[in-house]
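Report on the following structure.
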Amino acid sequence: MSGPAPSSLLIRWQDALPVKEALLRIKYGSEAASSPEAKKILGAQDEVYVIGVFSVAQRLLAGVPVQVKET
């Protein structure tokens, strides 16, 4: 059986605690643990859940990154 190569999916729970913590470290750097704003964001009750679904083309998964970037 032949056909197009399968693609991969990346599914990420965008508002999961580890994701929030990582985003706060990016935004606040070393102050993330002590920033009142960061603590407020982490302590907020989520009213909705955010799920990210990303498709990764098979051709992007193989090869030298510089070559893939140029295509």
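Residue numbering restarts at 1 in every chain; chains get A, B, ... in the order shown in the structure tokens, and ligands count up from 1 in that same order.
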
- request: Write out as a PyMOL selection string which residues come within 6 Å of segment 42-59 of chain A when counting only C-alpha atoms, dropping same-chain ones fewer than 5 positions away.
  value: chain A and resi 7-15

Selected residues, C-alpha atoms, written as a short mmCIF file (atom, residue, chain, number, x, y, z; two decimals), in the first residue's frame, please.
```cif
data_model
loop_
_atom_site.label_atom_id
_atom_site.label_comp_id
_atom_site.auth_asym_id
_atom_site.auth_seq_id
_atom_site.Cartn_x
_atom_site.Cartn_y
_atom_site.Cartn_z
CA SER A 7 2.24 13.20 9.56
CA SER A 8 2.73 13.49 13.27
CA LEU A 9 0.53 15.36 15.68
CA LEU A 10 1.61 17.24 18.74
CA ILE A 11 -1.13 17.65 21.32
CA ARG A 12 -0.37 19.90 24.26
CA TRP A 13 -2.53 20.88 27.20
CA GLN A 14 -1.68 24.57 26.94
CA ASP A 15 -2.91 25.57 30.37
#
```

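A straight line drawn from atom CA of Leu23 of chain A to atom CA of Lys39 of chain A is 12.6 Å long.
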
- request: Just give me the gap between atom CA of Leu17 of chain A and atom CA of Pro36 of chain A in Å, one decimal is fine.
  value: 16.8 Å

- request: Apply DSSP to the structure's backbone, then extract all residues of segment 11-67 of chain A labelled helix (DSSP H, G or I) and return them as a VMD selection string.
  value: chain A and resid 17 to 31 36 to 43 58 to 61 65 to 67

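Between atom CA of Ile41 of chain A and atom CA of Lys20 of chain A lies a distance of 8.4 Å.
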